[in-house]
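Containing compact mmCIF, C-alpha atoms: model02.txt.
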# COMPACT_ATOMS: atom_id res chain seq x y z
CA MET A 488 8.53 -20.25 -35.98
CA SER A 489 7.32 -21.17 -32.50
CA ASP A 490 3.59 -21.79 -32.10
CA LYS A 491 3.84 -20.78 -28.44
CA LYS A 492 2.14 -17.60 -27.37
CA LYS A 493 4.56 -14.80 -26.51
CA ILE A 494 4.62 -12.95 -23.17
CA ALA A 495 6.75 -9.96 -22.18
CA PHE A 496 7.80 -8.89 -18.70
CA VAL A 497 8.81 -5.22 -18.63
CA GLY A 498 10.47 -3.44 -15.70
CA ASN A 499 12.64 -0.48 -14.79
CA THR A 500 15.77 -2.49 -13.82
CA SER A 501 17.17 -5.91 -14.69
CA PHE A 502 17.97 -6.18 -10.98
CA SER A 503 14.30 -6.05 -9.96
CA MET A 504 13.14 -8.25 -12.83
CA TYR A 505 15.60 -10.98 -11.86
CA ASN A 506 15.46 -10.70 -8.08
CA PHE A 507 11.71 -10.32 -7.70
CA ARG A 508 10.22 -12.14 -10.70
CA ILE A 509 12.66 -14.80 -11.91
CA GLY A 510 10.52 -17.60 -10.45
CA VAL A 511 7.47 -16.41 -12.39
CA ILE A 512 9.55 -15.96 -15.55
CA ARG A 513 11.09 -19.43 -15.32
CA HIS A 514 7.68 -20.97 -14.74
CA PHE A 515 6.11 -19.39 -17.83
CA MET A 516 9.05 -20.36 -20.02
CA LYS A 517 7.74 -23.93 -19.81
CA THR A 518 4.62 -23.11 -21.84
CA TYR A 519 5.17 -19.67 -23.42
CA GLU A 520 7.80 -17.79 -25.36
CA VAL A 521 9.05 -15.30 -22.77
CA VAL A 522 10.89 -12.02 -23.28
CA VAL A 523 12.28 -9.74 -20.55
CA ILE A 524 12.59 -6.02 -21.34
CA ALA A 525 14.53 -3.79 -18.93
CA PRO A 526 17.54 -1.45 -18.78
CA GLU A 527 21.00 -2.98 -18.78
CA ASP A 528 22.64 -3.46 -15.37
CA GLU A 529 24.72 -6.05 -13.48
CA TYR A 530 21.81 -8.53 -13.57
CA SER A 531 21.20 -8.45 -17.33
CA ASP A 532 23.68 -11.25 -18.03
CA PHE A 533 21.82 -13.49 -15.59
CA PHE A 534 18.97 -13.68 -18.10
CA ARG A 535 21.33 -14.38 -20.99
CA ASN A 536 23.15 -17.07 -18.98
CA GLU A 537 19.84 -18.85 -18.33
CA GLY A 538 18.82 -18.70 -21.98
CA ILE A 539 16.07 -16.18 -21.28
CA ARG A 540 15.54 -13.81 -24.16
CA TYR A 541 16.39 -10.30 -22.99
CA ILE A 542 15.91 -6.95 -24.76
CA PRO A 543 17.74 -3.98 -23.21
CA ILE A 544 16.02 -0.60 -23.25
CA ALA A 545 17.12 2.90 -22.22
CA MET A 546 15.08 4.28 -19.33
CA ASP A 547 15.65 7.31 -17.08
CA ASN A 548 14.10 5.90 -13.91
CA LYS A 549 14.65 8.93 -11.71
CA GLY A 550 14.24 11.78 -14.19
CA THR A 551 11.24 13.87 -15.22
CA ASN A 552 12.46 14.79 -18.69
CA VAL A 553 9.44 14.58 -21.01
CA VAL A 554 11.59 14.06 -24.11
CA ASN A 555 13.34 11.05 -22.54
CA ASP A 556 10.00 9.58 -21.48
CA LEU A 557 8.54 9.99 -24.96
CA ARG A 558 11.62 8.23 -26.33
CA LEU A 559 10.92 5.39 -23.92
CA MET A 560 7.32 5.08 -25.13
CA LYS A 561 8.47 5.17 -28.76
CA SER A 562 11.06 2.46 -28.09
CA LEU A 563 8.50 0.23 -26.39
CA TYR A 564 6.04 0.82 -29.23
CA LYS A 565 8.64 -0.28 -31.78
CA ILE A 566 9.54 -3.40 -29.80
CA TYR A 567 5.88 -4.36 -29.33
CA LYS A 568 5.15 -3.81 -33.00
CA SER A 569 8.11 -5.97 -34.03
CA GLU A 570 7.61 -8.74 -31.46
CA LYS A 571 3.80 -9.00 -31.67
CA PHE A 572 3.36 -10.07 -28.05
CA ASP A 573 0.18 -11.81 -26.97
CA PHE A 574 0.39 -10.40 -23.46
CA VAL A 575 2.57 -7.97 -21.47
CA PHE A 576 3.14 -7.49 -17.74
CA HIS A 577 4.36 -3.98 -16.85
CA TYR A 578 6.02 -3.21 -13.49
CA THR A 579 6.78 0.12 -11.76
CA ILE A 580 5.74 3.62 -12.74
CA LYS A 581 7.40 4.32 -16.10
CA PRO A 582 6.89 0.88 -17.69
CA VAL A 583 3.29 0.91 -16.38
CA ILE A 584 2.51 4.34 -17.83
CA TYR A 585 4.43 4.31 -21.11
CA GLY A 586 4.31 0.56 -21.69
CA SER A 587 0.55 0.40 -21.10
CA ILE A 588 0.00 3.19 -23.64
CA ALA A 589 2.33 1.54 -26.16
CA SER A 590 0.61 -1.83 -25.82
CA SER A 591 -2.90 -0.36 -26.02
CA LEU A 592 -1.98 1.44 -29.27
CA GLN A 593 -1.40 -2.00 -30.78
CA SER A 594 -4.30 -3.74 -29.04
CA ILE A 595 -1.95 -5.94 -27.00
CA LYS A 596 -3.49 -7.16 -23.75
CA SER A 597 -1.59 -6.15 -20.63
CA ILE A 598 -1.66 -6.02 -16.86
CA ALA A 599 -0.14 -3.10 -14.94
CA ILE A 600 1.52 -3.96 -11.63
CA THR A 601 2.24 -1.15 -9.16
CA THR A 602 4.91 -2.51 -6.82
CA GLY A 603 4.64 0.39 -4.37
CA LEU A 604 3.78 4.05 -4.87
CA GLY A 605 7.14 5.36 -3.71
CA PHE A 606 8.09 9.02 -3.91
CA ALA A 607 5.35 10.05 -6.36
CA PHE A 608 2.61 9.61 -3.75
CA MET A 609 4.45 10.61 -0.56
CA LYS A 610 3.13 14.18 -0.65
CA GLU A 611 0.78 16.38 -2.67
CA SER A 612 2.58 18.37 -5.34
CA LEU A 613 2.27 19.43 -8.97
CA MET A 614 4.25 16.33 -9.95
CA ASN A 615 1.86 14.16 -7.96
CA LYS A 616 -1.11 15.64 -9.84
CA ILE A 617 0.58 15.08 -13.21
CA VAL A 618 1.44 11.47 -12.31
CA LYS A 619 -2.20 10.78 -11.35
CA ILE A 620 -3.41 12.10 -14.71
CA MET A 621 -0.82 10.04 -16.59
CA TYR A 622 -1.78 6.89 -14.71
CA LYS A 623 -5.45 7.49 -15.44
CA VAL A 624 -4.80 7.85 -19.17
CA ALA A 625 -2.42 4.89 -19.34
CA LEU A 626 -4.63 2.45 -17.43
CA ARG A 627 -7.85 2.94 -19.39
CA LYS A 628 -7.33 -0.09 -21.64
CA VAL A 629 -5.31 -2.52 -19.51
CA CYS A 630 -6.98 -5.75 -18.48
CA GLU A 631 -6.32 -5.17 -14.79
CA VAL A 632 -4.24 -3.12 -12.38
CA TRP A 633 -2.52 -5.11 -9.66
CA PHE A 634 -1.44 -3.80 -6.27
CA LEU A 635 0.63 -5.43 -3.55
CA ASN A 636 -1.41 -3.99 -0.70
CA HIS A 637 -4.86 -2.54 -0.02
CA ASP A 638 -3.58 0.95 0.88
CA ASP A 639 -2.13 1.51 -2.59
CA ARG A 640 -5.30 0.28 -4.26
CA ASP A 641 -7.38 2.63 -2.13
CA VAL A 642 -5.24 5.58 -3.26
CA PHE A 643 -5.92 4.77 -6.93
CA VAL A 644 -9.62 4.09 -6.41
CA ASP A 645 -10.22 7.13 -4.17
CA ASN A 646 -8.46 9.38 -6.68
CA LYS A 647 -10.58 7.90 -9.50
CA ILE A 648 -7.48 6.74 -11.35
CA VAL A 649 -8.98 3.28 -11.82
CA LYS A 650 -12.25 1.59 -10.90
CA LYS A 651 -12.12 -0.93 -8.09
CA ASP A 652 -13.58 -3.74 -10.23
CA LYS A 653 -10.55 -3.44 -12.49
CA THR A 654 -8.08 -4.00 -9.63
CA TYR A 655 -6.55 -7.05 -8.00
CA ILE A 656 -4.48 -7.53 -4.84
CA LEU A 657 -1.41 -9.68 -5.45
CA ASN A 658 0.02 -10.83 -2.11
CA SER A 659 3.52 -9.51 -2.80
CA GLU A 660 5.76 -10.71 -5.60
CA GLY A 661 6.42 -13.87 -3.64
CA VAL A 662 9.55 -15.37 -2.15
CA ASP A 663 11.22 -18.64 -3.13
CA MET A 664 11.10 -20.46 0.20
CA GLU A 665 13.42 -23.21 -1.02
CA HIS A 666 16.07 -20.62 -1.87
CA PHE A 667 15.50 -18.48 1.22
CA CYS A 668 15.50 -21.33 3.71
CA GLN A 669 16.92 -21.52 7.22
CA LYS A 670 20.71 -21.50 7.14
CA GLU A 671 23.41 -21.85 9.80
CA LYS A 672 25.42 -18.85 10.97
CA SER A 673 28.92 -18.69 9.53
CA GLN A 674 30.24 -18.43 13.11
CA GLU A 675 29.04 -18.02 16.69
CA ASP A 676 30.78 -14.95 18.11
CA GLY A 677 28.67 -14.39 21.21
CA LYS A 678 27.31 -11.13 19.82
CA PHE A 679 23.74 -10.14 18.97
CA HIS A 680 23.43 -9.07 15.34
CA PHE A 681 20.83 -6.70 13.93
CA LEU A 682 20.73 -6.30 10.14
CA LEU A 683 19.19 -3.68 7.87
CA PHE A 684 19.55 -4.39 4.15
CA SER A 685 17.89 -2.05 1.71
CA ARG A 686 18.35 0.79 -0.74
CA LEU A 687 20.28 3.39 1.24
CA ILE A 688 17.78 6.24 1.14
CA LYS A 689 16.54 8.14 4.18
CA GLU A 690 12.91 7.02 3.65
CA LYS A 691 13.95 3.46 4.50
CA GLY A 692 14.68 4.65 8.04
CA ILE A 693 18.46 4.38 7.71
CA ARG A 694 19.18 7.39 9.93
CA GLU A 695 16.72 6.20 12.58
CA TYR A 696 18.49 2.84 12.58
CA ALA A 697 21.88 4.54 12.95
CA GLU A 698 20.63 6.70 15.85
CA ALA A 699 19.10 3.68 17.61
CA ALA A 700 22.37 1.80 17.08
CA LYS A 701 24.35 4.67 18.58
CA GLN A 702 22.24 4.65 21.76
CA LEU A 703 22.08 0.87 22.13
CA ARG A 704 25.77 0.28 21.41
CA ALA A 705 26.66 2.46 24.40
CA LYS A 706 24.44 0.32 26.62
CA TYR A 707 25.06 -3.13 25.13
CA PRO A 708 28.63 -3.53 23.78
CA ASN A 709 27.83 -7.03 22.46
CA MET A 710 25.26 -5.69 19.98
CA VAL A 711 26.28 -5.40 16.32
CA PHE A 712 24.35 -3.22 13.87
CA SER A 713 25.02 -4.24 10.27
CA LEU A 714 24.00 -2.22 7.24
CA LEU A 715 23.96 -3.73 3.75
CA GLY A 716 23.02 -1.95 0.54
CA LYS A 717 24.04 0.12 -2.42
CA ILE A 718 24.47 3.86 -2.01
CA ASP A 719 21.77 5.30 -4.28
CA VAL A 720 23.71 8.11 -5.95
CA GLY A 721 21.55 10.75 -7.63
CA THR A 722 18.39 10.01 -5.64
CA ASN A 723 16.85 12.66 -3.42
CA GLY A 724 17.33 11.62 0.18
CA ASN A 725 20.19 9.24 -0.53
CA ILE A 726 22.52 8.40 2.34
CA SER A 727 26.01 9.54 1.39
CA SER A 728 29.16 7.46 1.72
CA GLU A 729 30.59 10.20 3.94
CA GLU A 730 27.69 9.86 6.37
CA ILE A 731 28.07 6.07 6.50
CA ASP A 732 31.84 6.40 6.96
CA GLY A 733 31.16 8.64 9.96
CA TRP A 734 28.89 6.02 11.57
CA VAL A 735 31.49 3.32 10.96
CA LYS A 736 34.31 5.47 12.34
CA ASP A 737 32.30 6.19 15.48
CA GLY A 738 31.92 2.45 15.98
CA TYR A 739 28.17 1.81 15.99
CA ILE A 740 27.46 0.77 12.37
CA ASP A 741 29.10 -2.16 10.59
CA TYR A 742 28.69 -1.32 6.89
CA LYS A 743 28.86 -4.43 4.72
CA GLY A 744 28.78 -2.67 1.36
CA TYR A 745 26.64 -4.14 -1.40
CA SER A 746 26.13 -7.77 -2.36
CA LEU A 747 24.15 -9.65 -4.99
CA GLU A 748 23.80 -12.53 -2.51
CA VAL A 749 22.17 -11.72 0.84
CA ARG A 750 21.35 -15.12 2.34
CA GLN A 751 24.45 -15.52 4.50
CA TYR A 752 24.04 -11.99 5.84
CA ILE A 753 20.47 -12.86 6.88
CA ALA A 754 21.63 -16.17 8.37
CA ASP A 755 24.30 -14.39 10.42
CA SER A 756 21.76 -11.95 11.89
CA ASP A 757 19.53 -12.43 14.93
CA CYS A 758 16.92 -9.92 13.75
CA VAL A 759 16.25 -8.03 10.50
CA VAL A 760 15.13 -4.41 10.80
CA LEU A 761 13.36 -2.14 8.31
CA PRO A 762 12.15 1.14 9.91
CA SER A 763 10.72 2.40 6.62
CA TYR A 764 8.43 5.37 6.01
CA TYR A 765 8.65 4.91 2.22
CA ARG A 766 5.43 3.89 0.45
CA GLU A 767 6.37 0.22 0.22
CA GLY A 768 4.62 -2.44 -1.83
CA ILE A 769 5.56 -5.45 0.29
CA PRO A 770 9.19 -5.20 1.49
CA ARG A 771 11.21 -7.97 -0.09
CA CYS A 772 13.93 -7.89 2.55
CA LEU A 773 11.43 -8.68 5.31
CA MET A 774 9.89 -11.55 3.35
CA GLU A 775 13.32 -13.08 2.79
CA ALA A 776 14.18 -12.74 6.48
CA MET A 777 10.88 -14.29 7.58
CA SER A 778 11.31 -17.15 5.12
CA MET A 779 14.70 -17.81 6.75
CA LYS A 780 13.02 -17.83 10.20
CA LYS A 781 14.33 -14.52 11.48
CA PRO A 782 12.24 -12.21 13.71
CA ILE A 783 11.70 -8.75 12.24
CA ILE A 784 11.23 -5.19 13.46
CA THR A 785 9.43 -2.80 11.14
CA THR A 786 7.10 0.17 11.13
CA ASN A 787 3.38 0.82 11.12
CA ASN A 788 3.72 1.81 7.49
CA VAL A 789 2.13 1.01 4.13
CA GLY A 790 3.30 -2.42 2.94
CA CYS A 791 5.24 -3.22 6.11
CA VAL A 792 2.05 -3.83 8.12
CA GLU A 793 1.13 -6.65 5.73
CA LEU A 794 4.03 -8.71 7.14
CA ILE A 795 4.18 -7.91 10.85
CA GLU A 796 2.00 -9.32 13.62
CA ASP A 797 3.20 -7.28 16.56
CA GLY A 798 4.59 -9.52 19.28
CA VAL A 799 4.11 -12.65 17.16
CA ASN A 800 6.82 -12.61 14.47
CA GLY A 801 8.58 -9.47 15.70
CA TYR A 802 7.75 -5.94 16.75
CA MET A 803 6.18 -2.90 15.11
CA CYS A 804 7.10 0.70 15.87
CA GLU A 805 5.98 4.08 14.59
CA PRO A 806 7.82 5.51 11.56
CA ARG A 807 10.46 8.25 11.97
CA SER A 808 11.00 7.49 15.67
CA ALA A 809 14.54 6.40 16.51
CA GLU A 810 13.56 6.22 20.18
CA GLU A 811 10.67 3.82 19.62
CA LEU A 812 12.78 1.75 17.23
CA MET A 813 15.50 1.55 19.88
CA ASN A 814 12.97 0.40 22.48
CA LYS A 815 11.67 -2.37 20.22
CA MET A 816 15.20 -3.53 19.38
CA GLU A 817 16.04 -3.64 23.08
CA GLN A 818 12.80 -5.49 23.80
CA LEU A 819 13.63 -8.16 21.24
CA TYR A 820 17.19 -8.45 22.52
CA GLN A 821 15.90 -9.14 26.03
CA LEU A 822 13.74 -12.08 24.91
CA SER A 823 14.94 -15.60 25.54
CA GLU A 824 16.44 -17.59 22.69
CA GLU A 825 13.32 -19.79 22.70
CA GLN A 826 11.04 -16.77 22.33
CA ARG A 827 13.04 -15.42 19.39
CA VAL A 828 13.03 -18.84 17.72
CA ALA A 829 9.24 -18.96 18.13
CA MET A 830 8.98 -15.54 16.46
CA GLY A 831 11.10 -16.76 13.57
CA GLU A 832 8.90 -19.82 13.15
CA ALA A 833 5.77 -17.65 13.22
CA GLY A 834 7.15 -15.41 10.48
CA HIS A 835 8.08 -18.44 8.37
CA ASN A 836 4.51 -19.71 8.66
CA ILE A 837 3.09 -16.33 7.59
CA ILE A 838 5.20 -16.48 4.43
CA LYS A 839 4.20 -20.09 3.76
CA GLN A 840 0.48 -19.37 4.12
CA LYS A 841 0.28 -16.17 2.08
CA PHE A 842 3.51 -15.06 0.38
CA ASP A 843 5.12 -18.23 -0.98
CA GLU A 844 6.17 -17.76 -4.60
CA LYS A 845 4.14 -20.84 -5.58
CA ILE A 846 0.94 -19.03 -4.53
CA ILE A 847 1.87 -15.95 -6.56
CA ILE A 848 2.67 -18.04 -9.66
CA SER A 849 -0.78 -19.62 -9.38
CA ASP A 850 -2.33 -16.13 -9.41
CA TYR A 851 -0.43 -15.27 -12.59
CA GLU A 852 -1.51 -18.51 -14.23
CA ASN A 853 -5.17 -17.96 -13.47
CA LYS A 854 -5.10 -14.44 -14.89
CA ILE A 855 -3.30 -15.50 -18.07
CA LEU A 856 -5.91 -18.17 -18.68
CA GLN A 857 -8.67 -15.61 -18.05
CA TYR A 858 -7.40 -13.07 -20.61
CA MET A 859 -5.64 -15.09 -23.31
Do you think you could lay out the structure here as structure tokens?
Amino acid sequence: MSDKKKIAFVGNTSFSMYNFRIGVIRHFMKTYEVVVIAPEDEYSDFFRNEGIRYIPIAMDNKGTNVVNDLRLMKSLYKIYKSEKFDFVFHYTIKPVIYGSIASSLQSIKSIAITTGLGFAFMKESLMNKIVKIMYKVALRKVCEVWFLNHDDRDVFVDNKIVKKDKTYILNSEGVDMEHFCQKEKSQEDGKFHFLLFSRLIKEKGIREYAEAAKQLRAKYPNMVFSLLGKIDVGTNGNISSEEIDGWVKDGYIDYKGYSLEVRQYIADSDCVVLPSYYREGIPRCLMEAMSMKKPIITTNNVGCVELIEDGVNGYMCEPRSAEELMNKMEQLYQLSEEQRVAMGEAGHNIIKQKFDEKIIISDYENKILQYM
């Protein structure tokens, strides 16, 4: 048997666990026995291929079925009892709530990481009230609750879900700057390329982007408006394939489909856009673009504001306004090449100073040493 201490990383998709946390996971494999627990998807084999121990678990991420959620908590309890973890990191709402309860029932130390409050906190409702109660119960015995921005922490503290002295601000989940480095365009076609890559739900500002593209395309024929992302079937507010097909047919959106590898798409763009009004943690797509020295356009919105310095590394507009988004896109287009390069450099420096994955790993290390 290994004499290494055992750590679990638990999330709601293998996709997010690999894309957002693989650097942290690889780092801790050097000194700990590491296990990843998440539902099976197209990224699950990536863990297996790297020799990372992976335990699949059934999880209804979008549903509100109490029976299914209790099954999830029971499954996690059984895994924790069998594995005897020394420490667990839980990410996103259901692992945080049900995983934190399961670990506390066995006196396993854990940290809960809210990666953005999403739909549950976008408006007051009965479901919102229930979620707040569940969080409050689940987080009583965790070591700490981590947030990716101050706005989300304030929501939890103001609603008395958790005390402020039990919270910590993690500056995003970090970006691997060696992986997301500046890269040449695949070709120079004389066109100006905007790119939005994201989950295709309305709250990410997809329709505002399409409307801005429609107006700008009529004025500037050399502009290209690319859209990259998976159609989120079964989610309220999802953008349908029929709607996207209509934009493509009308000639103002270039839909790229979905890809596991986004770097060349970023490299081929002149600006990355995210007009989100979703309760973001820290948008990963913007961090990746900034790391690759691309200017960005985003909204005065929770999470997004952590990355944008208006007029320095891009432009900020108000959420839900296609007209203001269009104006900012036109403003960036009219800059000189030198000015846009300077914006890209400024964004790269912001990532290097605050959001580099190495900084985030150091935060994890310090906390592990504090609690284990």
Length of the CA of Ser808 (chain A) to CA of Phe643 (chain A) vector [Å] |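 The value is 28.4 Å.
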Give me the residues within 6 Å of Lys691 (chain A) as a list in words, counting only C-alpha atoms and dropping any in the same chain fewer than 3 places off.
->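 Answer for this query is Ile688, Ser763 and Tyr765 of chain A.
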Do a neighbour search on Tyr541 (chain A) at 10 Å with all atoms listed in the file, toss out local chain neighbours closer than 6 positions, and write the hits as an NGL selection string.
-> :A and (495-496 or 501 or 521-527 or 531-535)
With only C-alpha atoms as the basis for distance, which of A:Asn788, A:Leu822, A:Glu805, A:Gly831 is at the shortest distance from Ala754 (chain A)?
->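 Closest candidate: A:Gly831.
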Rank A:Leu604, A:Ile509, A:Met664, A:Leu559 by their smallest atom-to-atom distance to Asp843 (chain A), using only C-alpha atoms, and report the top residue only.
->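 Checking each candidate against Asp843 (chain A), we get A:Met664 as the closest.
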Residues within 9 Å of Met813 (chain A), all atoms listed in the file, excluding chain neighbours under 5 positions, as a PyMOL selection string | chain A and resi 695-696+698-700+702-703+808+818
Counting only C-alpha atoms, the residue of A:Glu748, A:Asp645, A:Asp638, A:Asp676 that sits nearest Cys791 (chain A) |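 Counting only C-alpha atoms, the residue closest to Cys791 (chain A) is A:Asp638.
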Tell me which protein, DNA and RNA residues are within 7 Å of region 727-734 of chain A, counting all atoms listed in the file, leaving out same-chain ones fewer than 5 positions away, and put them as a PyMOL selection string.
-> chain A and resi 718+739-740
Show which residues sit within 9 Å of Lys581 (chain A), as a VMD selection string. Count all atoms listed in the file, and ignore same-chain residues fewer than 2 positions away.
-> chain A and resid 498 to 499 546 to 548 556 559 577 to 579 583 to 586
Point-to-point distance from CA of Lys839 (chain A) to CA of Lys517 (chain A), Å rounded to tenths =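 Answer for the CA of Lys839 (chain A) to CA of Lys517 (chain A) separation: 24.1 Å.
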Two-atom distance - CA of Ile539 (chain A), CA of Leu715 (chain A) (Å) |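 CA of Leu715 (chain A) lies at a distance of 29.0 Å from CA of Ile539 (chain A).
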Tell me which of A:Ser594, A:Tyr505, A:Gln826, A:Leu812 sits closest to Tyr530 (chain A), counting all atoms listed in the file.
->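 When distances to Tyr530 (chain A) are compared using all atoms listed in the file, the smallest one comes from A:Tyr505.
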Best match for closeness to Asp641 (chain A) among A:Leu592, A:Met803, A:Ala809, A:Val789, counting all atoms listed in the file =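 Residue with the minimum atom-to-atom distance to Asp641 (chain A): A:Val789.
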May I ask which of the residues A:Ser778, A:Asn836, A:Thr785, A:Gln821 is the closest one to Asp663 (chain A), counting only C-alpha atoms?
->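 For Asp663 (chain A), the nearest of the candidates is A:Ser778.
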